[in-house]
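Have a look at run35.cif; it's mmCIF, C-alpha atoms and all ligand atoms:
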```cif
data_input
#
loop_
_atom_site.label_atom_id
_atom_site.label_comp_id
_atom_site.auth_asym_id
_atom_site.auth_seq_id
_atom_site.Cartn_x
_atom_site.Cartn_y
_atom_site.Cartn_z
CA MET A 1 0.00 0.00 0.00
CA GLY A 2 1.28 3.41 -0.99
CA LYS A 3 0.81 6.45 1.18
CA LYS A 4 -2.62 7.97 1.40
CA ILE A 5 -3.42 11.59 0.73
CA THR A 6 -6.39 13.36 2.31
CA LEU A 7 -8.09 16.17 0.45
CA SER A 8 -10.05 18.34 2.90
CA VAL A 9 -12.31 21.16 1.79
CA ILE A 10 -13.63 23.17 4.73
CA LYS A 11 -15.70 26.30 4.23
CA ALA A 12 -17.46 28.98 6.21
CA ASP A 13 -19.11 32.35 5.80
CA ILE A 14 -17.41 34.48 8.42
CA GLY A 15 -18.66 37.82 7.15
CA GLY A 16 -19.71 39.30 3.82
CA PHE A 17 -18.33 42.15 1.72
CA VAL A 18 -20.70 43.89 0.75
CA GLY A 19 -23.74 42.41 2.52
CA HIS A 20 -23.84 38.68 1.70
CA SER A 21 -22.17 39.06 -1.71
CA ASN A 22 -18.42 38.46 -1.45
CA VAL A 23 -15.40 37.91 0.80
CA HIS A 24 -13.06 40.81 1.65
CA PRO A 25 -9.56 40.30 0.17
CA GLU A 26 -8.00 40.85 3.61
CA CYS A 27 -9.90 37.80 4.92
CA LEU A 28 -8.54 35.65 2.07
CA GLU A 29 -5.02 36.96 2.72
CA THR A 30 -5.34 36.18 6.40
CA ALA A 31 -6.49 32.64 5.68
CA GLY A 32 -3.68 32.09 3.15
CA GLY A 33 -1.09 33.36 5.62
CA ILE A 34 -2.22 30.96 8.33
CA LEU A 35 -2.33 27.91 6.07
CA ALA A 36 1.08 28.82 4.59
CA GLY A 37 2.56 28.68 8.08
CA SER A 38 1.11 25.29 9.00
CA PRO A 39 3.48 22.28 9.10
CA LEU A 40 0.45 19.94 8.88
CA LEU A 41 -0.35 20.57 5.22
CA ILE A 42 1.26 19.30 2.04
CA ASP A 43 -0.45 22.07 0.08
CA TYR A 44 -3.45 24.40 0.19
CA HIS A 45 -5.50 26.77 -1.92
CA VAL A 46 -7.66 29.51 -0.40
CA THR A 47 -10.56 30.73 -2.49
CA HIS A 48 -14.16 31.85 -2.26
CA VAL A 49 -17.56 31.52 -3.83
CA GLY A 50 -19.76 34.51 -3.06
CA ASP A 51 -19.49 35.23 0.68
CA ASP A 52 -17.96 31.86 1.62
CA ILE A 53 -14.26 31.23 2.29
CA ASN A 54 -13.12 27.81 1.07
CA LEU A 55 -9.97 26.18 2.42
CA ILE A 56 -8.78 23.46 0.04
CA MET A 57 -6.07 21.46 1.85
CA THR A 58 -4.01 18.30 1.31
CA HIS A 59 -2.28 16.33 4.08
CA GLU A 60 -1.61 12.80 5.31
CA LEU A 61 -3.61 12.90 8.53
CA GLY A 62 -6.85 11.32 7.30
CA LYS A 63 -10.47 12.46 7.49
CA ASN A 64 -11.93 14.08 10.61
CA ASN A 65 -8.47 14.81 11.91
CA GLY A 66 -8.59 17.01 15.00
CA GLU A 67 -5.47 19.00 14.11
CA ILE A 68 -6.68 19.78 10.59
CA HIS A 69 -10.13 20.75 11.82
CA GLN A 70 -8.55 22.88 14.54
CA LEU A 71 -6.39 24.58 11.89
CA ALA A 72 -9.51 25.38 9.81
CA TRP A 73 -11.38 26.58 12.89
CA ASN A 74 -8.49 28.83 13.98
CA THR A 75 -8.23 30.17 10.42
CA PHE A 76 -11.92 31.09 10.41
CA LEU A 77 -11.54 32.69 13.86
CA SER A 78 -8.69 34.87 12.62
CA CYS A 79 -10.70 35.78 9.51
CA THR A 80 -13.63 36.63 11.77
CA ALA A 81 -11.39 39.00 13.74
CA VAL A 82 -10.54 40.76 10.46
CA ALA A 83 -14.24 40.78 9.49
CA LYS A 84 -15.10 42.35 12.85
CA LYS A 85 -12.34 44.94 12.56
CA LEU A 86 -13.61 45.92 9.08
CA LYS A 87 -17.24 45.76 10.29
CA LEU A 88 -18.04 43.31 7.50
CA TYR A 89 -21.59 42.03 7.34
CA GLY A 90 -22.54 39.09 9.56
CA ALA A 91 -19.01 38.72 10.96
CA GLY A 92 -18.59 35.23 12.43
CA GLN A 93 -22.05 34.10 11.29
CA ASP A 94 -21.17 30.46 10.58
CA LEU A 95 -19.11 29.82 13.71
CA LEU A 96 -21.86 28.45 15.91
CA ALA A 97 -19.77 27.38 18.89
CA ASP A 98 -17.72 29.47 21.31
CA SER A 99 -14.82 27.07 21.42
CA PHE A 100 -13.45 24.22 19.33
CA SER A 101 -14.43 20.71 20.38
CA GLY A 102 -12.30 18.41 18.24
CA ASN A 103 -14.19 18.40 14.92
CA VAL A 104 -15.67 21.33 13.00
CA LYS A 105 -18.67 19.22 11.94
CA GLY A 106 -21.70 20.47 13.80
CA MET A 107 -19.94 23.73 14.65
CA GLY A 108 -21.01 25.65 11.54
CA PRO A 109 -18.41 25.15 8.81
CA GLY A 110 -19.15 22.82 5.87
CA VAL A 111 -16.77 19.88 5.36
CA ALA A 112 -16.05 17.51 2.46
CA GLU A 113 -13.05 15.20 2.84
CA MET A 114 -11.72 12.16 1.03
CA GLU A 115 -8.70 9.95 1.62
CA PHE A 116 -7.14 7.95 -1.21
CA GLU A 117 -3.97 6.56 -2.63
CA GLU A 118 -3.01 8.96 -5.41
CA ARG A 119 -3.35 7.32 -8.83
CA ALA A 120 -0.66 7.58 -11.52
CA SER A 121 -2.45 10.79 -12.42
CA GLU A 122 -5.07 12.29 -10.12
CA PRO A 123 -7.39 14.93 -11.61
CA VAL A 124 -9.95 16.26 -9.10
CA ILE A 125 -12.62 18.95 -9.22
CA VAL A 126 -13.70 20.97 -6.20
CA TYR A 127 -17.16 22.46 -6.64
CA MET A 128 -18.37 25.23 -4.36
CA ALA A 129 -21.83 26.78 -4.33
CA ASP A 130 -23.29 29.92 -2.77
CA LYS A 131 -26.93 30.67 -1.84
CA THR A 132 -28.02 27.06 -1.76
CA GLU A 133 -28.15 23.85 0.29
CA PRO A 134 -26.28 20.49 0.20
CA GLY A 135 -29.10 18.77 -1.73
CA ALA A 136 -28.22 21.03 -4.68
CA TRP A 137 -25.55 18.43 -5.61
CA ASN A 138 -28.05 15.56 -5.94
CA PHE A 139 -29.05 16.39 -9.50
CA PRO A 140 -25.55 16.92 -10.94
CA VAL A 141 -23.96 13.99 -9.01
CA TYR A 142 -26.74 11.70 -10.17
CA LYS A 143 -26.13 12.83 -13.74
CA MET A 144 -22.33 12.39 -13.50
CA PHE A 145 -22.42 8.87 -12.06
CA ALA A 146 -25.77 7.38 -13.13
CA ASP A 147 -27.12 9.09 -16.25
CA PRO A 148 -25.83 7.71 -19.55
CA PHE A 149 -27.27 10.72 -21.38
CA ASN A 150 -24.73 12.81 -19.41
CA THR A 151 -21.89 10.34 -18.96
CA ILE A 152 -21.29 8.26 -22.07
CA GLY A 153 -18.52 6.44 -20.16
CA LEU A 154 -21.24 4.49 -18.31
CA ILE A 155 -21.99 2.84 -21.64
CA ILE A 156 -18.72 2.67 -23.55
CA ASP A 157 -15.97 2.52 -20.89
CA PRO A 158 -15.71 -1.09 -19.63
CA SER A 159 -14.32 0.17 -16.31
CA MET A 160 -17.47 2.27 -15.64
CA HIS A 161 -20.09 -0.01 -17.14
CA GLN A 162 -20.91 -1.77 -13.85
CA GLY A 163 -22.07 1.53 -12.30
CA PHE A 164 -21.47 3.13 -8.90
CA LEU A 165 -22.54 2.96 -5.25
CA PHE A 166 -24.29 6.03 -3.80
CA GLU A 167 -24.39 6.74 -0.06
CA VAL A 168 -27.51 8.80 0.63
CA ARG A 169 -28.05 10.61 3.94
CA ASP A 170 -31.37 11.46 5.55
CA LEU A 171 -30.49 14.83 7.11
CA ILE A 172 -33.62 14.94 9.27
CA ASP A 173 -33.52 11.44 10.81
CA HIS A 174 -29.69 11.21 10.65
CA LYS A 175 -29.65 7.89 8.79
CA LYS A 176 -27.75 6.65 5.77
CA VAL A 177 -28.42 4.08 3.05
CA THR A 178 -26.34 2.88 0.09
CA PHE A 179 -27.87 2.34 -3.36
CA SER A 180 -26.25 0.30 -6.08
CA CYS A 181 -26.84 1.87 -9.49
CA PRO A 182 -28.04 1.33 -12.15
CA GLU A 183 -30.05 -1.54 -10.55
CA GLU A 184 -31.52 0.61 -7.77
CA MET A 185 -31.79 3.89 -9.67
CA TYR A 186 -35.54 4.19 -9.37
CA ASP A 187 -35.47 3.49 -5.62
CA MET A 188 -32.72 6.06 -5.14
CA LEU A 189 -34.56 8.72 -7.13
CA VAL A 190 -37.56 8.42 -4.80
CA PHE A 191 -35.29 9.89 -2.11
CA ILE A 192 -32.75 12.14 -3.83
CA GLY A 193 -35.53 13.88 -5.76
CA ALA A 194 -36.33 15.46 -2.36
CA PRO A 195 -33.02 17.31 -1.88
CA GLY A 196 -34.14 19.31 1.17
CA ARG A 197 -33.98 16.09 3.18
CA TYR A 198 -32.02 13.40 1.31
CA CYS A 199 -28.51 14.13 0.04
CA ILE A 200 -25.94 12.12 -1.84
CA LYS A 201 -23.03 12.13 0.61
CA SER A 202 -20.54 10.02 -1.35
CA VAL A 203 -20.13 7.92 -4.46
CA TYR A 204 -17.90 4.81 -4.63
CA GLN A 205 -16.56 2.79 -7.53
CA LYS A 206 -18.11 -0.68 -7.57
CA GLY A 207 -15.73 -3.56 -6.99
CA THR A 208 -12.82 -1.47 -5.73
CA ASN A 209 -14.93 0.61 -3.31
CA GLU A 210 -12.66 3.55 -4.22
CA ILE A 211 -14.05 6.93 -3.21
CA ALA A 212 -15.17 8.85 -6.31
CA ALA A 213 -17.09 11.84 -4.92
CA THR A 214 -18.04 13.34 -1.59
CA SER A 215 -20.01 16.39 -0.48
CA SER A 216 -20.62 18.52 2.59
CA THR A 217 -24.00 17.75 4.12
CA GLN A 218 -23.98 20.13 7.08
CA ARG A 219 -27.29 21.99 7.41
CA LEU A 220 -26.63 25.13 9.41
CA ASN A 221 -30.16 25.94 10.47
CA LEU A 222 -30.75 22.33 11.62
CA MET A 223 -27.59 22.55 13.74
CA ALA A 224 -28.29 25.99 15.16
CA GLY A 225 -32.06 25.58 15.52
CA ARG A 226 -32.48 29.01 13.96
CA TYR A 227 -31.67 30.71 10.69
CA VAL A 228 -27.99 31.59 10.52
CA GLY A 229 -27.40 31.60 6.77
CA LYS A 230 -27.56 29.01 4.02
CA ASP A 231 -25.27 26.00 4.00
CA ASP A 232 -23.57 26.82 0.70
CA PRO A 233 -22.16 23.33 0.13
CA VAL A 234 -18.96 21.94 -1.41
CA LEU A 235 -18.35 18.79 -3.44
CA ILE A 236 -15.19 16.91 -4.46
CA VAL A 237 -15.15 14.67 -7.55
CA ARG A 238 -12.22 12.53 -8.73
CA CYS A 239 -12.08 12.21 -12.50
CA GLN A 240 -10.89 10.04 -15.41
CA SER A 241 -9.67 6.43 -15.73
CA GLY A 242 -12.85 4.62 -14.73
CA LEU A 243 -14.45 7.70 -13.17
CA PRO A 244 -16.32 10.45 -15.03
CA ALA A 245 -14.10 12.40 -17.44
CA VAL A 246 -13.58 16.03 -16.46
CA GLY A 247 -16.05 17.00 -19.18
CA GLU A 248 -18.63 14.48 -17.94
CA ALA A 249 -18.26 15.88 -14.42
CA LEU A 250 -18.82 19.45 -15.73
CA GLU A 251 -21.63 18.59 -18.15
CA PRO A 252 -24.58 18.56 -15.67
CA PHE A 253 -24.04 22.28 -14.99
CA ALA A 254 -24.77 23.18 -18.62
CA ASN A 255 -28.43 22.88 -17.66
CA PRO A 256 -29.00 25.22 -14.69
CA HIS A 257 -31.28 23.24 -12.39
CA LEU A 258 -33.49 24.84 -9.75
CA VAL A 259 -32.11 24.87 -6.22
CA SER A 260 -33.29 26.20 -2.86
CA GLY A 261 -31.56 29.02 -1.04
CA TRP A 262 -31.85 32.21 -3.05
CA MET A 263 -32.77 35.44 -1.15
CA ARG A 264 -33.12 34.90 2.59
CA GLY A 265 -32.60 31.18 2.07
CA SER A 266 -36.25 31.11 1.11
CA HIS A 267 -36.45 31.06 -2.68
CA SER A 268 -35.90 28.67 -5.52
CA GLY A 269 -33.73 29.68 -8.47
CA PRO A 270 -31.35 28.36 -11.13
CA LEU A 271 -27.80 27.33 -10.16
CA MET A 272 -25.60 29.47 -12.40
CA PRO A 273 -22.10 28.14 -13.29
CA VAL A 274 -19.52 30.94 -13.01
CA SER A 275 -15.81 31.67 -12.57
CA VAL A 276 -14.49 32.59 -9.11
CA ASP A 277 -14.34 36.23 -10.25
CA ALA A 278 -18.00 36.15 -11.31
CA SER A 279 -19.19 34.37 -8.17
CA THR A 280 -20.57 37.50 -6.50
CA PRO A 281 -24.34 37.17 -6.17
CA THR A 282 -26.14 40.41 -6.99
CA ARG A 283 -29.67 40.14 -8.32
CA PHE A 284 -32.04 39.40 -5.42
CA ASP A 285 -28.85 38.22 -3.64
CA GLY A 286 -28.29 35.70 -6.41
CA PRO A 287 -29.01 33.84 -8.52
CA PRO A 288 -27.30 30.92 -6.71
CA ARG A 289 -23.79 30.29 -8.06
CA VAL A 290 -21.52 27.30 -8.58
CA VAL A 291 -17.77 27.35 -9.23
CA ALA A 292 -15.69 24.33 -10.34
CA LEU A 293 -11.94 24.34 -9.72
CA GLY A 294 -9.81 21.61 -11.24
CA PHE A 295 -6.51 20.43 -9.74
CA GLN A 296 -3.95 17.82 -10.74
CA LEU A 297 -2.56 16.28 -7.57
CA ASN A 298 1.13 15.44 -7.52
CA ASP A 299 2.21 13.78 -4.28
CA GLY A 300 -0.44 15.87 -2.60
CA LYS A 301 0.61 19.13 -4.26
CA LEU A 302 -2.35 20.97 -5.78
CA HIS A 303 -1.47 21.99 -9.33
CA GLY A 304 -4.08 24.48 -10.42
CA PRO A 305 -6.68 25.68 -10.20
CA GLN A 306 -8.29 25.45 -13.56
CA ASP A 307 -11.34 27.72 -13.21
CA PHE A 308 -13.56 25.60 -15.45
CA PHE A 309 -16.73 27.66 -15.65
CA ALA A 310 -14.76 30.70 -16.83
CA ASP A 311 -14.96 28.98 -20.22
CA VAL A 312 -17.18 30.43 -22.98
CA ALA A 313 -18.76 26.96 -23.29
CA TYR A 314 -20.79 27.91 -20.19
CA ASP A 315 -22.01 31.26 -21.61
CA LEU A 316 -25.22 29.68 -22.81
CA ALA A 317 -25.85 28.08 -19.40
CA ARG A 318 -25.44 31.52 -17.80
CA GLN A 319 -27.82 33.07 -20.31
CA LYS A 320 -30.33 30.31 -19.65
CA ALA A 321 -29.91 30.77 -15.89
CA ASN A 322 -30.55 34.51 -16.29
CA GLU A 323 -33.71 33.83 -18.30
CA ILE A 324 -34.95 31.31 -15.73
CA ALA A 325 -34.04 33.74 -12.92
CA ASN A 326 -36.01 36.48 -14.63
CA TYR A 327 -39.05 34.25 -15.01
CA MET A 328 -38.86 32.97 -11.43
CA ARG A 329 -38.55 36.53 -10.10
CA SER A 330 -41.76 37.49 -11.89
CA MET A 331 -43.60 35.27 -9.39
CA GLY A 332 -42.48 37.45 -6.48
CA PRO A 333 -43.72 36.11 -3.14
CA PHE A 334 -45.62 33.17 -4.65
CA GLU A 335 -44.62 29.52 -4.46
CA PRO A 336 -42.79 27.75 -6.01
CA HIS A 337 -40.38 30.73 -6.37
CA ARG A 338 -40.86 31.30 -2.67
CA LEU A 339 -40.13 27.97 -0.98
CA HIS A 340 -42.78 25.78 0.58
CA LEU A 341 -43.57 26.75 4.19
CA ASP A 342 -41.52 23.85 5.64
CA GLU A 343 -38.44 25.00 3.77
CA MET A 344 -38.58 28.71 4.55
CA GLU A 345 -35.56 30.00 6.46
CA TYR A 346 -37.23 33.27 7.42
CA THR A 347 -40.94 33.48 8.17
CA THR A 348 -43.36 35.87 9.78
CA MET A 349 -46.13 33.27 9.54
CA PRO A 350 -46.37 32.59 13.32
CA SER A 351 -46.59 36.26 14.31
CA VAL A 352 -48.99 37.23 11.50
CA SER A 353 -51.17 34.15 12.24
CA LYS A 354 -51.24 35.07 15.91
CA ARG A 355 -52.27 38.65 15.20
CA LEU A 356 -55.03 37.57 12.78
CA LYS A 357 -56.15 34.55 14.83
CA ASP A 358 -59.56 36.05 15.76
CA ARG A 359 -60.28 37.13 12.19
CA PHE A 360 -60.32 33.53 10.95
CA GLU A 361 -63.90 32.16 11.02
CA LYS A 362 -64.98 28.54 10.80
CA VAL A 363 -66.35 27.52 7.41
C1 LIG B 401 -29.30 33.98 1.41
C2 LIG B 401 -28.59 35.11 2.01
C3 LIG B 401 -29.14 36.48 1.84
C4 LIG B 401 -29.71 37.02 3.15
C5 LIG B 401 -30.38 38.41 2.93
C6 LIG B 401 -30.92 39.02 4.22
O1 LIG B 401 -28.74 32.76 1.78
O2 LIG B 401 -27.57 34.95 2.64
O3 LIG B 401 -30.10 36.51 0.82
O4 LIG B 401 -30.63 36.12 3.68
O5 LIG B 401 -29.44 39.32 2.41
O6 LIG B 401 -29.90 39.03 5.16
P1 LIG B 401 -30.07 39.62 6.63
O7 LIG B 401 -31.22 38.90 7.26
O8 LIG B 401 -28.73 39.30 7.24
O9 LIG B 401 -30.33 41.07 6.46
MG MG B 402 -23.52 35.43 4.27
MG MG B 403 -22.84 32.12 1.33
#
```
Starting from the coordinates I provided, produce the structure as structure tokens.
Ligand code: F6R
Ligand code: MG
Ligand code: MG
Amino acid sequence: MGKKITLSVIKADIGGFVGHSNVHPECLETAGGILAGSPLLIDYHVTHVGDDINLIMTHELGKNNGEIHQLAWNTFLSCTAVAKKLKLYGAGQDLLADSFSGNVKGMGPGVAEMEFEERASEPVIVYMADKTEPGAWNFPVYKMFADPFNTIGLIIDPSMHQGFLFEVRDLIDHKKVTFSCPEEMYDMLVFIGAPGRYCIKSVYQKGTNEIAATSSTQRLNLMAGRYVGKDDPVLIVRCQSGLPAVGEALEPFANPHLVSGWMRGSHSGPLMPVSVDASTPTRFDGPPRVVALGFQLNDGKLHGPQDFFADVAYDLARQKANEIANYMRSMGPFEPHRLHLDEMEYTTMPSVSKRLKDRFEKV
């Protein structure tokens, strides 16, 4: 057995610049400075999508490592200090706990980590989304690993033809189940078609059980018991040689699907693929954005990023997303643009109902 590399992507919104739109450059510099000084890491890349700071790190300490999580936590604390000094908006919003307790899961930040033996060549893509929830990955991950209309490799590459295993999490009941696709595709779709509750956590190659993809499934408001901002999830996908080609892993985003989380975490809108530089939500605090950064790993070193959605090939997807956004906006406060009552992150329903209680007559 060769040595194993862990790729950890840990993210948090520790304060927006301006409002909930972007990250202040001084926060990114602070984060980069701290990671640069850490002896724990092989390599790192600090970036952002909208108002979320993303720490992309490689090391040999495995998943859920206390020292790595502590490093991420301390980095976010230092960034929060900068955010407070600059009076940035919502400074420290995602750091739910007062002190670190060994693992950042459940403390606010989103986490996606995978450990693997680096292949002869190891292309990976880190996806990061703003103004949406973890279930936003269900549709594209399903397409990458189970839809032959997206991924031709499922049909014509003998090493993919057997399909993949999908670990699906129930985020409400805290349970997990694994589906073997294509045989159990229809069963799986019953669940993952409800992305507010069921999320694809990971995908594994059949036979080898090699990790192929993994996502963050932290739901902030479920952890905090109150609205503290949207989860804005991350996803890691390994590519090529028996896994989806880079182009197959990018293809699902050519069709901007509807996701939850736009404006006040309470609206549905299209997920628009953009470059890091264009990942600043504006219109109605959106529309929701997704960025895809490609890296070639080399003994854990992150060569990249390749900012994939900067490409003109995604211009049409952006235009389509803008048209869908325009149409959805025309519905204003009506469902399904506004989310169903159960999914609303902000609501005045209880107080308005209380005030009008005596005006409601029996029919
Ligand atoms: C959505 C989001 C924003 C805020 C909105 C109101 O996930 O982050 O749309 O919900 O800008 O923010 P507050 O309540 O902080 O004024
Ligand atoms: Mg924010
Ligand atoms: Mg955000």
*Find the residues with any atom within 9 Å of (-29.7, 36.9, -4.8); use only C-alpha atoms and the coordinates as given in the file, and write the answer as an NGL selection string.*
:A and (20-21 or 131 or 261-264 or 281-288)
_d(CA of Gln218 (chain A), CA of Ala317 (chain A)) in Å_ = 27.7 Å
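Neighbours of region 166-182 of chain A closer than or equal to 7 Å, with only C-alpha atoms counted and sequence neighbours fewer than 5 positions away skipped, come out as A:Ala146, A:Met188, A:Arg197, A:Tyr198, A:Cys199, A:Ile200, A:Lys201, A:Ser202, A:Val203, A:Tyr204.
You will find CA of Leu271 (chain A) at 23.4 Å from CA of Ile152 (chain A).
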_Please find the residues contacting ligand MG 402 (chain B) at a distance of at most 12 Å between atoms, with all atoms listed in the file counted, and report them as a PyMOL selection string._
chain A and resi 12-23+48-53+83+88-95+130-132+220+227-232+261-265+280-281+285-286
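Pairwise distance (CA of Lys3 (chain A), CA of Asp299 (chain A)) equals 9.2 Å.
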*Fewer than 5 positions away in the same chain doesn't count, so skip those; otherwise give me all residues within 9 Å of Val276 (chain A), counting only C-alpha atoms, as a ChimeraX atom specification.*
/A:47-50,290-293,307,309-310
*Nearest to Leu55 (chain A) among A:Gly110, A:Pro273, A:Gly102, A:Pro39, with distances taken over all atoms listed in the file: which residue is it?*
A:Gly110
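If all atoms listed in the file are the atoms counted, then among A:Asp98, A:Glu113, A:Asp315, A:Glu343 the closest residue to Ile56 (chain A) is A:Glu113.
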*Do a neighbour search on Ser8 (chain A) at 10 Å with only C-alpha atoms, toss out local chain neighbours closer than 5 positions, and write the hits as a PyMOL selection string.*
chain A and resi 44+55-59+62-65+68-69+72+111-115+236
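For the residues A:Asn54, A:Ser241, A:Gln319, A:Thr30, ranking by smallest atom-to-atom distance to ligand MG 403 (chain B) using only C-alpha atoms and all ligand atoms places A:Asn54 first.
The closest residue to ligand MG 403 (chain B), picked from A:Asn298, A:Ser99, A:Ser279, A:Thr347 and counting all atoms listed in the file, is A:Ser279.
Point (-20.2, 23.1, -1.9) has the following residues at most 6 Å away: A:Tyr127, A:Met128, A:Ala129, A:Asp232, A:Pro233, A:Val234, A:Leu235 (atoms considered: all atoms listed in the file).
Closest approach to Ser121 (chain A) from the set A:Cys79, A:Ala36, A:Cys239, A:Ala31 is made by A:Cys239, with distances taken over only C-alpha atoms.
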